[in-house]
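Peer 1: The structure follows.
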Amino acid sequence: MRTVHALRYITPLREGGSLPAVVETDDDGMVVLKFRGAGQGPKALIAELIAGEMARSIGLPIPEVVLVELDREFARTEPDPEIQDLIRASEGLNLGSDYLPGAINYDPAAMPVDAGLASRIVWFDALISNVDRTARNPNLMVWHRQLYLIDHGAAMYFHHDWASAGDACEKPFVLIRDHVLLPFASRIAEADAELAGLLPDAEIERIVALVPDSWLVNEPAFDSPAAYRQAYVDYLKRRLQVRAVFVQEAVRAHAAYL
């Protein structure tokens with residue numbers, strides 16, 4: 001995963017609850033920056049990083065995810081006190097995704113999605129327990145006529161309660177019934193056969209190893225970043241082992257549309 005440095009704050013994206021922003025970076029690009037110091041804290045960034053890289057590993061369309069180094073001096077040219085405080089609280093490593101200029105929000109009525117792609121996305125969101133891919137808030141963008149997955153900070157909600165994460169891992173993801181692409185997802189079983197093998201244990205370990213130690217702090221359940229990181233690895237490996245639970249639930253939910 002690349003690391004870039006933030007050079008210039010361009011504009012806040014106030015529709016996001018964590019007040020993300022478009023910033024210019026030192027690779028002559030622009031990213032949508034998610035701040036570590038925002039209200040959701042580092043866990044939103046952890047979910048974004050892990051989910052984003054897992055999506056990439058299985059071939060789903062997603063903007064490049066990068067680590068973004070942020071200097072507290074970045075706040076000096078920002079007139080908004082709220083944004084100044086957010087920047088100062090986020091000094092160090094944050095997370096960004098490639099900015100897609102001119103992209104539009106996905107509308108299922110205007111753009112039905114191929115059954116294969118829809119099924120792969122539904123499978124993926126059931127795996128990571130993504131509650132934020134609904135018709136009200138699809139977190140899908142269309143750019144150059146291609147669908148892109150964005151905003152996974154609300155996924156992997158098990159990490160907000162590690163005491164019950166083991167039980168959550170073994171359960172179906174019943175909220176898949178609200179997935180915006182579920183009506184098109186007629187090939188979920190085929191997607192499972194195709195995608196599960198693309199996330200072997202070594203790939204899960206590689207992805208979770210990308211999470212910076214500075215994000216793996218202040219969690220009472222663990223006494224070190226290494227132990228914290230291993231908990232993600234163990235959860236995701238086990239989730240894939242018992243995936244029939246969430247696959248069957250997704251297939252059942254899709255059948256309700258027939």
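Just remember, in the structure tokens the first chain shown is A, the second B, etc., residues are 1-based per chain, and ligands are 1-based in the order shown.
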Which neighbours of Phe222 of chain A fall inside 12 Å, counting only C-alpha atoms, when residues of the same chain fewer than 4 positions from it are skipped, and could you give them as a list in words?
Peer 2: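 So the residues in contact are His159, Trp162, Ala163, Leu216, Val217, Asn218, Ala226, Ala227, Tyr228, Arg229, Gln230, Ala231 and Tyr232 of chain A.
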Peer 1: Would you mind listing what lies within 10 Å of segment 246-248 of chain A as a ChimeraX atom specification, with only C-alpha atoms counted and same-chain residues fewer than 3 positions away left out?
Peer 2: /A:122-127,129,169-174,176,188-189,191-192,239-240,242-243,251-254
Peer 1: Could you tell me which of A:Glu205, A:Glu64, A:Asp132, A:Asp114 comes closest to Ser186 of chain A if we count only C-alpha atoms?
Peer 2: A:Asp114
Peer 1: Report the residues of segment 6-255 of chain A whose backbone DSSP state falls under helix (DSSP H, G or I), written as a VMD selection string.
Peer 2: chain A and resid 42 to 57 72 to 77 81 to 89 115 to 127 157 to 160 162 to 169 174 to 178 182 to 184 188 to 198 201 to 209 213 to 215 225 to 241 244 to 255
Peer 1: Could you name the residues that touch segment 70-75 of chain A at 9 Å or less, counting only C-alpha atoms, but leaving out those on the same chain fewer than 6 positions away, as a ChimeraX atom specification?
Peer 2: /A:5-9,83-94
Peer 1: Would you list the contacts of Glu24 of chain A as an MDAnalysis selection string, taking every protein, DNA or RNA residue within 12 Å and counting only C-alpha atoms, but skipping same-chain residues closer than 2 positions in sequence?
Peer 2: chainID A and resid 4:11 21:22 26:33 68:70 74 96:99
Peer 1: Mind writing the picked residues with N, CA and C atoms as a PDB file, in the first residue's frame?
Peer 2:
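Below you can see selection_4.pdb, which holds the result:
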```pdb
ATOM      1  N   VAL A   4       1.182   8.518   0.860  1.00  0.00           N
ATOM      2  CA  VAL A   4       1.346   9.840   0.265  1.00  0.00           C
ATOM      3  C   VAL A   4       1.260  10.878   1.374  1.00  0.00           C
ATOM      4  N   HIS A   5       1.656  12.107   1.046  1.00  0.00           N
ATOM      5  CA  HIS A   5       1.592  13.200   2.008  1.00  0.00           C
ATOM      6  C   HIS A   5       0.558  14.225   1.553  1.00  0.00           C
ATOM      7  N   ALA A   6      -0.255  14.681   2.479  1.00  0.00           N
ATOM      8  CA  ALA A   6      -1.254  15.704   2.172  1.00  0.00           C
ATOM      9  C   ALA A   6      -0.568  17.052   2.002  1.00  0.00           C
ATOM     10  N   LEU A   7      -0.890  17.746   0.905  1.00  0.00           N
ATOM     11  CA  LEU A   7      -0.282  19.044   0.626  1.00  0.00           C
ATOM     12  C   LEU A   7      -1.252  20.198   0.809  1.00  0.00           C
ATOM     13  N   ARG A   8      -2.506  19.994   0.377  1.00  0.00           N
ATOM     14  CA  ARG A   8      -3.452  21.110   0.382  1.00  0.00           C
ATOM     15  C   ARG A   8      -4.861  20.614   0.625  1.00  0.00           C
ATOM     16  N   TYR A   9      -5.536  21.267   1.551  1.00  0.00           N
ATOM     17  CA  TYR A   9      -6.939  20.969   1.849  1.00  0.00           C
ATOM     18  C   TYR A   9      -7.787  21.674   0.807  1.00  0.00           C
ATOM     19  N   ILE A  10      -8.618  20.921   0.077  1.00  0.00           N
ATOM     20  CA  ILE A  10      -9.401  21.529  -0.995  1.00  0.00           C
ATOM     21  C   ILE A  10     -10.818  21.833  -0.541  1.00  0.00           C
ATOM     22  N   THR A  11     -11.545  20.812  -0.084  1.00  0.00           N
ATOM     23  CA  THR A  11     -12.931  21.063   0.337  1.00  0.00           C
ATOM     24  C   THR A  11     -13.423  19.948   1.241  1.00  0.00           C
ATOM     25  N   ALA A  21     -12.632  14.867   3.567  1.00  0.00           N
ATOM     26  CA  ALA A  21     -12.292  16.018   2.744  1.00  0.00           C
ATOM     27  C   ALA A  21     -11.543  15.573   1.502  1.00  0.00           C
ATOM     28  N   VAL A  22     -11.656  16.377   0.464  1.00  0.00           N
ATOM     29  CA  VAL A  22     -10.819  16.189  -0.711  1.00  0.00           C
ATOM     30  C   VAL A  22      -9.530  16.971  -0.472  1.00  0.00           C
ATOM     31  N   ASP A  26       1.075  14.670  -2.539  1.00  0.00           N
ATOM     32  CA  ASP A  26       2.369  14.926  -3.165  1.00  0.00           C
ATOM     33  C   ASP A  26       2.676  14.024  -4.357  1.00  0.00           C
ATOM     34  N   ASP A  27       1.735  13.199  -4.773  1.00  0.00           N
ATOM     35  CA  ASP A  27       1.912  12.409  -5.998  1.00  0.00           C
ATOM     36  C   ASP A  27       1.132  13.028  -7.155  1.00  0.00           C
ATOM     37  N   ASP A  28       0.795  14.336  -7.020  1.00  0.00           N
ATOM     38  CA  ASP A  28       0.041  15.080  -8.033  1.00  0.00           C
ATOM     39  C   ASP A  28      -1.389  14.565  -8.193  1.00  0.00           C
ATOM     40  N   GLY A  29      -1.913  13.929  -7.159  1.00  0.00           N
ATOM     41  CA  GLY A  29      -3.274  13.422  -7.207  1.00  0.00           C
ATOM     42  C   GLY A  29      -4.138  14.071  -6.147  1.00  0.00           C
ATOM     43  N   MET A  30      -5.373  13.622  -6.071  1.00  0.00           N
ATOM     44  CA  MET A  30      -6.297  14.048  -5.036  1.00  0.00           C
ATOM     45  C   MET A  30      -6.946  12.812  -4.433  1.00  0.00           C
ATOM     46  N   VAL A  31      -7.173  12.850  -3.135  1.00  0.00           N
ATOM     47  CA  VAL A  31      -7.822  11.743  -2.446  1.00  0.00           C
ATOM     48  C   VAL A  31      -8.946  12.267  -1.577  1.00  0.00           C
ATOM     49  N   VAL A  32      -9.897  11.374  -1.306  1.00  0.00           N
ATOM     50  CA  VAL A  32     -10.894  11.639  -0.271  1.00  0.00           C
ATOM     51  C   VAL A  32     -10.281  11.147   1.034  1.00  0.00           C
ATOM     52  N   LEU A  33      -9.985  12.072   1.920  1.00  0.00           N
ATOM     53  CA  LEU A  33      -9.258  11.769   3.155  1.00  0.00           C
ATOM     54  C   LEU A  33     -10.222  11.507   4.297  1.00  0.00           C
ATOM     55  N   VAL A  68      -2.253   8.212   4.212  1.00  0.00           N
ATOM     56  CA  VAL A  68      -1.994   9.632   3.993  1.00  0.00           C
ATOM     57  C   VAL A  68      -1.359  10.232   5.248  1.00  0.00           C
ATOM     58  N   GLU A  69      -0.144  10.735   5.087  1.00  0.00           N
ATOM     59  CA  GLU A  69       0.565  11.389   6.190  1.00  0.00           C
ATOM     60  C   GLU A  69       0.088  12.830   6.285  1.00  0.00           C
ATOM     61  N   LEU A  70      -0.338  13.212   7.481  1.00  0.00           N
ATOM     62  CA  LEU A  70      -0.909  14.539   7.692  1.00  0.00           C
ATOM     63  C   LEU A  70      -0.117  15.275   8.764  1.00  0.00           C
ATOM     64  N   PHE A  74      -0.756  21.596   8.582  1.00  0.00           N
ATOM     65  CA  PHE A  74      -1.758  21.610   7.524  1.00  0.00           C
ATOM     66  C   PHE A  74      -2.966  22.444   7.920  1.00  0.00           C
ATOM     67  N   GLY A  96      -6.841   7.495   2.812  1.00  0.00           N
ATOM     68  CA  GLY A  96      -7.476   8.171   1.693  1.00  0.00           C
ATOM     69  C   GLY A  96      -7.833   7.185   0.602  1.00  0.00           C
ATOM     70  N   SER A  97      -8.796   7.576  -0.231  1.00  0.00           N
ATOM     71  CA  SER A  97      -9.116   6.797  -1.421  1.00  0.00           C
ATOM     72  C   SER A  97      -9.109   7.737  -2.613  1.00  0.00           C
ATOM     73  N   ASP A  98      -8.719   7.207  -3.740  1.00  0.00           N
ATOM     74  CA  ASP A  98      -8.577   8.009  -4.941  1.00  0.00           C
ATOM     75  C   ASP A  98      -9.859   8.783  -5.225  1.00  0.00           C
ATOM     76  N   TYR A  99      -9.727  10.083  -5.455  1.00  0.00           N
ATOM     77  CA  TYR A  99     -10.880  10.928  -5.752  1.00  0.00           C
ATOM     78  C   TYR A  99     -11.315  10.702  -7.195  1.00  0.00           C
TER      79      TYR A  99
END
```
Peer 1: So which residues touch Asp201 of chain A within 9 Å, counting only C-alpha atoms, skipping near sequence neighbours fewer than 4 positions away, as a list in words?
Peer 2: Glu205, Arg206, Val233, Leu236 and Lys237 of chain A
Peer 1: For the selection just defined, write its residues with C-alpha atoms to a file, as a tab-separated table (two decimals), in the first residue's frame.
Peer 2:
```
chain	number	residue	atom	x	y	z
A	205	GLU	CA	-2.66	-11.86	7.13
A	206	ARG	CA	-1.07	-9.62	4.48
A	233	VAL	CA	-6.95	-12.06	11.40
A	236	LEU	CA	-11.80	-13.00	9.22
A	237	LYS	CA	-10.30	-16.47	8.82
```
Peer 1: In terms of the shortest atom-to-atom distance over only C-alpha atoms, which of A:Arg2, A:Arg76, A:Lys43, A:Arg36 is closest to His160 of chain A?
Peer 2: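 Checking each candidate against His160 of chain A, we get A:Lys43 as the closest.
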Peer 1: At a cut-off of 9 Å, using only C-alpha atoms, what residues contact Gln146 of chain A? Leave out same-chain residues fewer than 4 positions from it and give the result as number ranges by chain.
Peer 2: A: 61, 141-142
Peer 1: When you draw a straight line from atom CA of Val208 of chain A to atom CA of Ser57 of chain A, how long is it in Å?
Peer 2: 12.6 Å
Peer 1: Give the strand (DSSP E or B) residues of segment 142-183 of chain A, as assigned by DSSP on the backbone, as a list in words.
Peer 2: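 Across segment 142-183 of chain A, those assigned strand (DSSP E or B) are Val142, Trp143, Gln146, Leu147, Tyr148, Leu149 and His179 of chain A.
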Peer 1: For the residues in that selection, give me C-alpha atoms as an mmCIF file, in the first residue's frame.
Peer 2:
```cif
data_model
loop_
_atom_site.group_PDB
_atom_site.id
_atom_site.type_symbol
_atom_site.label_atom_id
_atom_site.label_comp_id
_atom_site.auth_asym_id
_atom_site.auth_seq_id
_atom_site.Cartn_x
_atom_site.Cartn_y
_atom_site.Cartn_z
ATOM 1 C CA VAL A 142 -20.632 5.545 -11.127
ATOM 2 C CA TRP A 143 -17.521 6.896 -12.849
ATOM 3 C CA GLN A 146 -18.338 1.822 -14.162
ATOM 4 C CA LEU A 147 -19.547 1.061 -10.656
ATOM 5 C CA TYR A 148 -17.172 1.722 -7.746
ATOM 6 C CA LEU A 149 -17.505 0.674 -4.105
ATOM 7 C CA HIS A 179 -28.757 -4.454 0.265
#
```
Peer 1: Using only C-alpha atoms, which residue out of A:Gly59, A:Pro212, A:Pro200, A:Gly41 lies closest to Ile121 of chain A?
Peer 2: A:Gly59
Peer 1: I need the residue nearest Pro220 of chain A from this list: A:Asp161, A:Glu48, A:Asp167, A:Asp234. Use only C-alpha atoms for the distance.
Peer 2: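 Ranking A:Asp161, A:Glu48, A:Asp167, A:Asp234 by distance to Pro220 of chain A, first place goes to A:Asp161.
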